[in-house]
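Source file: coords-v7.cif; contents: mmCIF, C-alpha atoms.
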```cif
data_upload
#
loop_
_atom_site.label_atom_id
_atom_site.label_comp_id
_atom_site.auth_asym_id
_atom_site.auth_seq_id
_atom_site.Cartn_x
_atom_site.Cartn_y
_atom_site.Cartn_z
CA MET A 55 61.80 60.16 -167.27
CA LYS A 56 64.10 61.16 -164.38
CA GLU A 57 66.72 58.60 -165.45
CA GLN A 58 66.54 59.93 -169.03
CA ALA A 59 67.06 63.51 -167.82
CA ASN A 60 70.07 62.44 -165.75
CA SER A 61 71.47 60.58 -168.76
CA VAL A 62 71.12 63.65 -170.99
CA GLY A 63 72.74 65.82 -168.32
CA LEU A 64 75.72 63.46 -168.03
CA ARG A 65 76.09 63.27 -171.82
CA HIS A 66 76.11 67.06 -172.09
CA LYS A 67 78.61 67.36 -169.25
CA LEU A 68 80.98 64.88 -170.90
CA THR A 69 80.53 66.56 -174.29
CA ARG A 70 81.36 69.92 -172.72
CA ALA A 71 84.43 68.55 -170.94
CA LEU A 72 85.69 67.07 -174.21
CA GLY A 73 85.04 70.34 -176.06
CA PHE A 74 86.92 72.39 -173.45
CA SER A 75 89.84 69.96 -173.40
CA LEU A 76 90.16 69.72 -177.19
CA THR A 77 90.20 73.52 -177.38
CA VAL A 78 92.93 73.69 -174.73
CA TYR A 79 94.94 71.07 -176.64
CA HIS A 80 94.65 72.80 -180.02
CA ASN A 81 95.48 76.21 -178.52
CA LEU A 82 98.62 74.80 -176.90
CA ARG A 83 99.68 73.06 -180.11
CA LYS A 84 99.88 76.50 -181.71
CA GLU A 85 102.28 77.72 -179.03
CA PRO A 86 105.90 77.32 -180.14
CA GLU A 87 107.04 76.38 -176.61
CA TYR A 88 104.60 73.50 -176.15
CA SER A 89 105.48 70.02 -177.38
CA PHE A 90 102.95 67.40 -178.45
CA PHE A 91 103.39 65.47 -175.18
CA GLN A 92 102.98 68.61 -173.05
CA ALA A 93 99.77 69.41 -174.89
CA ILE A 94 98.48 65.85 -174.42
CA LYS A 95 99.27 66.04 -170.70
CA LYS A 96 97.33 69.31 -170.46
CA PHE A 97 94.45 67.75 -172.42
CA VAL A 98 94.17 64.93 -169.87
CA SER A 99 94.29 67.29 -166.88
CA SER A 100 91.70 69.55 -168.54
CA LEU A 101 89.43 66.58 -169.16
CA ASN A 102 89.67 65.72 -165.47
CA TYR A 103 88.98 69.29 -164.37
CA TYR A 104 86.11 70.08 -166.73
CA GLY A 105 84.59 66.63 -166.34
CA LEU A 106 84.71 66.39 -162.53
CA LYS A 107 85.32 69.81 -160.95
CA TYR A 108 83.81 72.42 -163.27
CA THR A 109 80.36 73.28 -161.94
CA ARG A 110 79.05 76.16 -164.02
CA SER A 111 75.49 75.57 -165.26
CA ILE A 112 75.32 74.15 -168.79
CA ALA A 113 71.86 75.70 -169.22
CA VAL A 114 73.15 79.19 -168.41
CA GLU A 115 76.20 78.79 -170.66
CA GLN A 116 73.96 77.67 -173.51
CA GLU A 117 71.62 80.62 -173.01
CA VAL A 118 74.60 82.94 -173.44
CA TYR A 119 75.82 80.98 -176.46
CA TYR A 120 72.46 81.10 -178.24
CA ALA A 121 72.19 84.85 -177.63
CA HIS A 122 75.50 85.29 -179.46
CA LYS A 123 74.53 82.79 -182.17
CA TYR A 124 71.36 84.80 -182.81
CA CYS A 125 73.56 87.83 -183.60
CA TRP A 126 75.88 85.77 -185.82
CA ASP A 127 72.92 84.39 -187.77
CA ILE A 128 71.51 87.88 -188.37
CA SER A 129 74.89 89.14 -189.58
CA ALA A 130 75.28 86.18 -191.97
CA LYS A 131 71.70 86.47 -193.26
CA ASP A 132 71.74 90.25 -193.80
CA HIS A 133 75.37 90.42 -195.02
CA GLU A 134 76.07 93.16 -192.50
CA ASP A 135 79.05 93.45 -190.16
CA ILE A 136 77.90 93.35 -186.54
CA LEU A 137 78.80 94.94 -183.22
CA VAL A 138 77.93 92.63 -180.30
CA LEU A 139 77.87 93.85 -176.70
CA GLU A 140 76.87 91.73 -173.72
CA SER A 141 74.45 93.09 -171.12
CA ASP A 142 77.17 93.78 -168.54
CA ILE A 143 79.30 95.94 -170.82
CA VAL A 144 80.56 99.20 -169.29
CA PHE A 145 81.02 102.36 -171.36
CA ASN A 146 83.50 105.12 -170.64
CA ALA A 147 83.69 108.71 -171.87
CA ALA A 148 85.72 107.74 -174.96
CA SER A 149 83.88 104.51 -175.87
CA ILE A 150 81.88 105.78 -178.85
CA GLU A 151 84.79 107.60 -180.45
CA LEU A 152 87.13 104.64 -179.90
CA VAL A 153 84.65 102.27 -181.55
CA LYS A 154 84.10 104.58 -184.52
CA GLN A 155 87.83 105.03 -185.12
CA THR A 156 88.52 101.30 -184.65
CA ILE A 157 85.81 100.24 -187.10
CA ARG A 158 87.02 102.77 -189.65
CA PHE A 159 90.60 101.48 -189.33
CA VAL A 160 89.63 97.79 -189.52
CA ARG A 161 87.45 98.28 -192.57
CA ASP A 162 90.31 100.07 -194.32
CA GLN A 163 92.75 97.35 -193.26
CA ALA A 164 90.61 94.27 -193.91
CA SER A 165 87.58 95.36 -195.93
CA ASN A 166 87.36 92.17 -198.03
CA ASP A 167 88.56 89.75 -195.36
CA LEU A 168 87.08 87.78 -192.51
CA PHE A 169 87.82 89.71 -189.34
CA TYR A 170 87.11 89.67 -185.61
CA VAL A 171 87.83 92.67 -183.38
CA ASN A 172 87.97 92.45 -179.60
CA LEU A 173 86.57 95.64 -178.06
CA ALA A 174 86.36 94.88 -174.34
CA VAL A 175 88.59 94.00 -171.43
CA GLY A 176 87.01 90.80 -170.15
CA CYS A 177 88.35 87.77 -168.32
CA ILE A 178 91.93 88.45 -169.36
CA ASP A 179 93.46 91.67 -168.06
CA ALA A 180 94.58 93.95 -170.90
CA ASN A 181 98.22 93.83 -169.76
CA LYS A 182 98.15 90.04 -169.46
CA VAL A 183 96.79 89.78 -173.00
CA LYS A 184 99.91 91.49 -174.29
CA ASP A 185 102.04 88.92 -172.43
CA MET A 186 100.53 86.04 -174.41
CA TRP A 187 102.73 84.45 -177.09
CA GLN A 188 100.42 85.66 -179.87
CA PHE A 189 101.36 89.26 -179.00
CA SER A 190 105.12 88.79 -178.82
CA PRO A 191 107.09 90.79 -181.45
CA GLU A 192 108.30 87.66 -183.23
CA HIS A 193 104.74 86.32 -183.72
CA LEU A 194 102.56 89.43 -183.94
CA ALA A 195 101.10 89.78 -187.46
CA GLY A 196 100.80 93.55 -187.16
CA GLN A 197 100.89 96.51 -184.78
CA TYR A 198 99.43 99.86 -185.76
CA LYS A 199 99.05 103.31 -184.27
CA VAL A 200 95.86 105.12 -185.21
CA GLU A 201 95.75 108.89 -184.99
CA ALA A 202 92.60 109.57 -183.01
CA SER A 203 91.47 111.24 -179.81
CA PRO A 204 92.48 109.42 -177.70
CA PRO A 205 95.22 107.70 -179.79
CA ILE A 206 94.60 104.02 -180.52
CA GLU A 207 97.04 101.14 -180.76
CA VAL A 208 95.85 98.08 -182.68
CA PHE A 209 97.45 94.64 -182.28
CA GLN A 210 96.96 91.87 -184.82
CA PRO A 211 97.79 88.39 -183.46
CA PRO A 212 98.61 85.63 -185.99
CA VAL A 213 95.55 83.53 -185.09
CA LEU A 214 92.09 84.11 -183.66
CA VAL A 215 92.18 85.14 -179.99
CA THR A 216 88.99 85.65 -177.96
CA ASP A 217 88.51 87.18 -174.51
CA CYS A 218 85.12 86.35 -173.00
CA VAL A 219 83.36 87.97 -176.01
CA ALA A 220 82.00 90.79 -173.83
CA GLY A 221 82.22 93.15 -176.78
CA TYR A 222 83.40 92.60 -180.34
CA PHE A 223 82.97 93.65 -183.96
CA MET A 224 82.68 90.89 -186.56
CA SER A 225 82.59 90.94 -190.35
CA HIS A 226 79.56 89.38 -191.99
CA SER A 227 81.90 87.06 -193.90
CA PHE A 228 83.27 85.78 -190.57
CA ALA A 229 79.70 85.31 -189.30
CA ASP A 230 78.75 83.50 -192.50
CA GLU A 231 81.70 81.12 -192.26
CA LEU A 232 80.85 80.53 -188.60
CA HIS A 233 77.21 79.89 -189.49
CA LYS A 234 78.18 77.26 -192.10
CA THR A 235 80.59 75.55 -189.70
CA ILE A 236 77.96 75.34 -186.95
CA ARG A 237 75.45 73.79 -189.35
CA SER A 238 77.87 71.03 -190.36
CA HIS A 239 79.09 70.05 -186.88
CA MET A 240 77.61 68.91 -183.59
CA ASN A 241 77.18 71.59 -180.90
CA PRO A 242 80.10 71.06 -178.47
CA VAL A 243 78.03 72.56 -175.58
CA LEU A 244 80.43 75.42 -174.87
CA PRO A 245 80.10 79.09 -173.90
CA PRO A 246 80.51 81.47 -176.89
CA ASP A 247 84.17 82.45 -176.42
CA TRP A 248 85.26 78.82 -176.17
CA PHE A 249 82.85 77.98 -178.99
CA LEU A 250 84.65 80.41 -181.32
CA ASP A 251 88.02 78.92 -180.38
CA TYR A 252 86.71 75.37 -180.84
CA PHE A 253 85.33 76.00 -184.32
CA SER A 254 88.38 77.98 -185.42
CA HIS A 255 90.30 74.70 -185.14
CA LEU A 256 87.80 73.01 -187.46
CA ASN A 257 87.72 75.77 -190.06
CA THR A 258 90.98 77.17 -191.44
CA LYS A 259 89.24 80.30 -192.73
CA LEU A 260 88.08 81.19 -189.21
CA ASN A 261 91.46 80.42 -187.68
CA GLN A 262 93.26 82.59 -190.25
CA ALA A 263 90.76 85.44 -190.11
CA LYS A 264 92.26 88.81 -189.30
CA CYS A 265 91.96 89.34 -185.55
CA PHE A 266 92.49 92.70 -183.87
CA PHE A 267 92.85 93.88 -180.26
CA VAL A 268 92.47 97.56 -179.43
CA SER A 269 94.26 99.57 -176.75
CA PRO A 270 92.76 101.32 -174.91
CA CYS A 271 89.71 99.06 -175.01
CA PRO A 272 86.47 100.95 -175.69
CA PHE A 273 84.60 98.86 -173.11
CA SER A 274 85.11 96.74 -170.01
CA GLN A 275 83.10 93.77 -168.78
CA GLY A 276 81.25 94.77 -165.61
CA SER A 277 80.94 91.27 -164.17
CA ALA A 278 84.68 90.66 -164.62
CA THR A 279 85.72 93.97 -163.04
CA GLY A 280 83.28 93.72 -160.11
CA ILE A 281 80.90 96.50 -161.19
CA TYR A 282 78.07 94.00 -161.72
CA GLN A 283 77.22 90.75 -159.97
CA SER A 284 77.02 87.96 -162.56
CA SER A 285 74.80 84.89 -162.36
CA ILE A 286 77.71 83.01 -163.99
CA GLU A 287 80.57 82.53 -161.58
CA GLY A 288 84.01 83.03 -163.10
CA CYS A 289 84.95 83.34 -166.77
#
```

For this file, write the structure as structure tokens.
Amino acid sequence: MKEQANSVGLRHKLTRALGFSLTVYHNLRKEPEYSFFQAIKKFVSSLNYYGLKYTRSIAVEQEVYYAHKYCWDISAKDHEDILVLESDIVFNAASIELVKQTIRFVRDQASNDLFYVNLAVGCIDANKVKDMWQFSPEHLAGQYKVEASPPIEVFQPPVLVTDCVAGYFMSHSFADELHKTIRSHMNPVLPPDWFLDYFSHLNTKLNQAKCFFVSPCPFSQGSATGIYQSSIEGC
């Protein structure tokens, strides 16, 4: 029994390392500056890192994943758009109004489309997000100013971009497409943000869904900013 448990653990660890590395590879292949060989080189180094040096608990990561999946399944089943907030989310004085105005704008902009809206500053600092290639003027799919109090700026990258999924708003059509993709593929044993990236490469509809980032963000992630102590080290 002990040998079987060790075997399962090793299989899951290798599956996770492969899932992480494939996601890294596919993300880099989208970047205009990365060649095929550069992406392959990064895939190999990622496989080495996530297979040998990455120590975060698979059990904990899967607990977080299944909590998010539960929300996705409800959204798909009930045909209702869903707001998902993790337990370490931090509100500010303008959070509620920012969320209301953002949801109103997104529904006007993409009412019949699959959409995913990032609502929290998580593992990636808000300023660093804007430095990513997806947010450069030549690649950005849209940039909007919303008259609100406080004023809101909405960025629309050309492909799906996630940021630790601390807080987000998702259309039920996105959740439904995600639900169908999960049912037809093996679980890659990944945390939810990487899971979304991984499956977006397998499903064109998810990858081409309208994705929005909001500034200022309505929420921040307490464990990433140091307000809370997380049981999961790093992001």

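With only C-alpha atoms taken into account, every residue lying no more than 8 Å from the file point (82.6, 92.8, -169.8) is included here: Glu140, Asp142, Ile143, Val144, Ala174, Val175, Gly176, Cys177, Cys218, Val219, Ala220, Gly221, Phe273, Ser274, Gln275, Gly276, Ser277, Ala278 and Thr279 of chain A.
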
Starting from the displayed file, determine the output of the PyMOL selection byres ((chain A and resi 84-87) around 10) and express the residue list as an MDAnalysis selection string. chainID A and resid 79:83 88:89 92:93 186:188 193 213

Can you translate the PyMOL selection byres ((chain A and resi 128-131) around 12) into the concrete residues it hits in this file, as a PyMOL selection string? chain A and resi 121-127+132-138+168+223-234

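Picture a line from CA of Ser269 in chain A to CA of Pro212 in chain A; it runs 17.3 Å.
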
Go through the shown structure with the PyMOL selection byres ((chain A and resi 254-259) around 8) and write out the matching residues as a list in words.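 Output of the PyMOL selection byres ((chain A and resi 254-259) around 8): Thr77, His80, Leu168, Leu214, Glu231, Thr235, Leu250, Asp251, Tyr252, Phe253, Leu260, Asn261, Gln262 and Ala263 of chain A.
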
Report, in Å with one decimal, the straight-line distance from CA of Glu192 in chain A to CA of Leu152 in chain A.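 Going from CA of Glu192 in chain A over to CA of Leu152 in chain A covers 27.3 Å.
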
Show me, as JSON, the centre and edge lengths in Å to one decimal of the axis-aligned box that covers every listed atom of range 121-126 of chain A with 8 Å on each side.
```
{"center_x": 73.6, "center_y": 85.3, "center_z": -181.7, "size_x": 20.5, "size_y": 21.0, "size_z": 24.2}
```

Generate the coordinates of N, CA, C and O atoms for range 223-245 of chain A; report them as a CSV table (one decimal), in the frame of the given file.
```csv
chain,number,residue,atom,x,y,z
A,223,PHE,N,83.5,93.3,-182.6
A,223,PHE,CA,83.0,93.6,-184.0
A,223,PHE,C,83.4,92.6,-184.9
A,223,PHE,O,84.6,92.2,-185.0
A,224,MET,N,82.4,92.1,-185.7
A,224,MET,CA,82.7,90.9,-186.6
A,224,MET,C,82.2,91.2,-188.0
A,224,MET,O,81.1,91.8,-188.2
A,225,SER,N,83.0,90.8,-189.0
A,225,SER,CA,82.6,90.9,-190.4
A,225,SER,C,81.5,89.9,-190.7
A,225,SER,O,81.4,88.8,-190.1
A,226,HIS,N,80.6,90.3,-191.6
A,226,HIS,CA,79.6,89.4,-192.0
A,226,HIS,C,80.1,88.1,-192.7
A,226,HIS,O,79.5,87.0,-192.6
A,227,SER,N,81.3,88.2,-193.3
A,227,SER,CA,81.9,87.1,-193.9
A,227,SER,C,82.4,86.1,-192.8
A,227,SER,O,82.3,84.9,-193.0
A,228,PHE,N,82.9,86.6,-191.7
A,228,PHE,CA,83.3,85.8,-190.6
A,228,PHE,C,82.0,85.1,-190.0
A,228,PHE,O,82.0,83.9,-189.7
A,229,ALA,N,81.0,85.9,-189.8
A,229,ALA,CA,79.7,85.3,-189.3
A,229,ALA,C,79.1,84.2,-190.2
A,229,ALA,O,78.6,83.2,-189.8
A,230,ASP,N,79.3,84.5,-191.5
A,230,ASP,CA,78.8,83.5,-192.5
A,230,ASP,C,79.5,82.2,-192.4
A,230,ASP,O,79.0,81.1,-192.5
A,231,GLU,N,80.9,82.3,-192.3
A,231,GLU,CA,81.7,81.1,-192.3
A,231,GLU,C,81.4,80.4,-191.0
A,231,GLU,O,81.4,79.1,-190.9
A,232,LEU,N,81.2,81.1,-189.9
A,232,LEU,CA,80.8,80.5,-188.6
A,232,LEU,C,79.5,79.8,-188.7
A,232,LEU,O,79.3,78.7,-188.2
A,233,HIS,N,78.6,80.5,-189.3
A,233,HIS,CA,77.2,79.9,-189.5
A,233,HIS,C,77.3,78.6,-190.2
A,233,HIS,O,76.6,77.6,-189.8
A,234,LYS,N,78.1,78.5,-191.3
A,234,LYS,CA,78.2,77.3,-192.1
A,234,LYS,C,78.9,76.2,-191.3
A,234,LYS,O,78.5,75.0,-191.4
A,235,THR,N,79.9,76.5,-190.5
A,235,THR,CA,80.6,75.6,-189.7
A,235,THR,C,79.7,75.0,-188.6
A,235,THR,O,79.7,73.8,-188.4
A,236,ILE,N,78.9,75.8,-188.0
A,236,ILE,CA,78.0,75.3,-187.0
A,236,ILE,C,77.0,74.4,-187.5
A,236,ILE,O,76.6,73.3,-186.9
A,237,ARG,N,76.5,74.6,-188.7
A,237,ARG,CA,75.4,73.8,-189.4
A,237,ARG,C,76.0,72.4,-189.7
A,237,ARG,O,75.2,71.4,-189.7
A,238,SER,N,77.3,72.3,-189.9
A,238,SER,CA,77.9,71.0,-190.4
A,238,SER,C,78.5,70.2,-189.2
A,238,SER,O,79.1,69.2,-189.5
A,239,HIS,N,78.5,70.8,-188.0
A,239,HIS,CA,79.1,70.0,-186.9
A,239,HIS,C,78.1,70.0,-185.7
A,239,HIS,O,77.2,70.8,-185.5
A,240,MET,N,78.4,69.0,-184.8
A,240,MET,CA,77.6,68.9,-183.6
A,240,MET,C,78.0,70.0,-182.6
A,240,MET,O,79.1,70.4,-182.5
A,241,ASN,N,77.0,70.6,-181.9
A,241,ASN,CA,77.2,71.6,-180.9
A,241,ASN,C,78.0,71.0,-179.8
A,241,ASN,O,77.7,70.0,-179.1
A,242,PRO,N,79.2,71.6,-179.5
A,242,PRO,CA,80.1,71.1,-178.5
A,242,PRO,C,79.7,71.5,-177.1
A,242,PRO,O,80.4,71.2,-176.1
A,243,VAL,N,78.6,72.2,-176.9
A,243,VAL,CA,78.0,72.6,-175.6
A,243,VAL,C,79.1,73.4,-174.8
A,243,VAL,O,79.5,73.1,-173.7
A,244,LEU,N,79.4,74.5,-175.4
A,244,LEU,CA,80.4,75.4,-174.9
A,244,LEU,C,79.9,76.8,-174.8
A,244,LEU,O,79.0,77.2,-175.6
A,245,PRO,N,80.4,77.7,-173.9
A,245,PRO,CA,80.1,79.1,-173.9
A,245,PRO,C,80.7,79.7,-175.2
A,245,PRO,O,81.6,79.2,-175.8
```
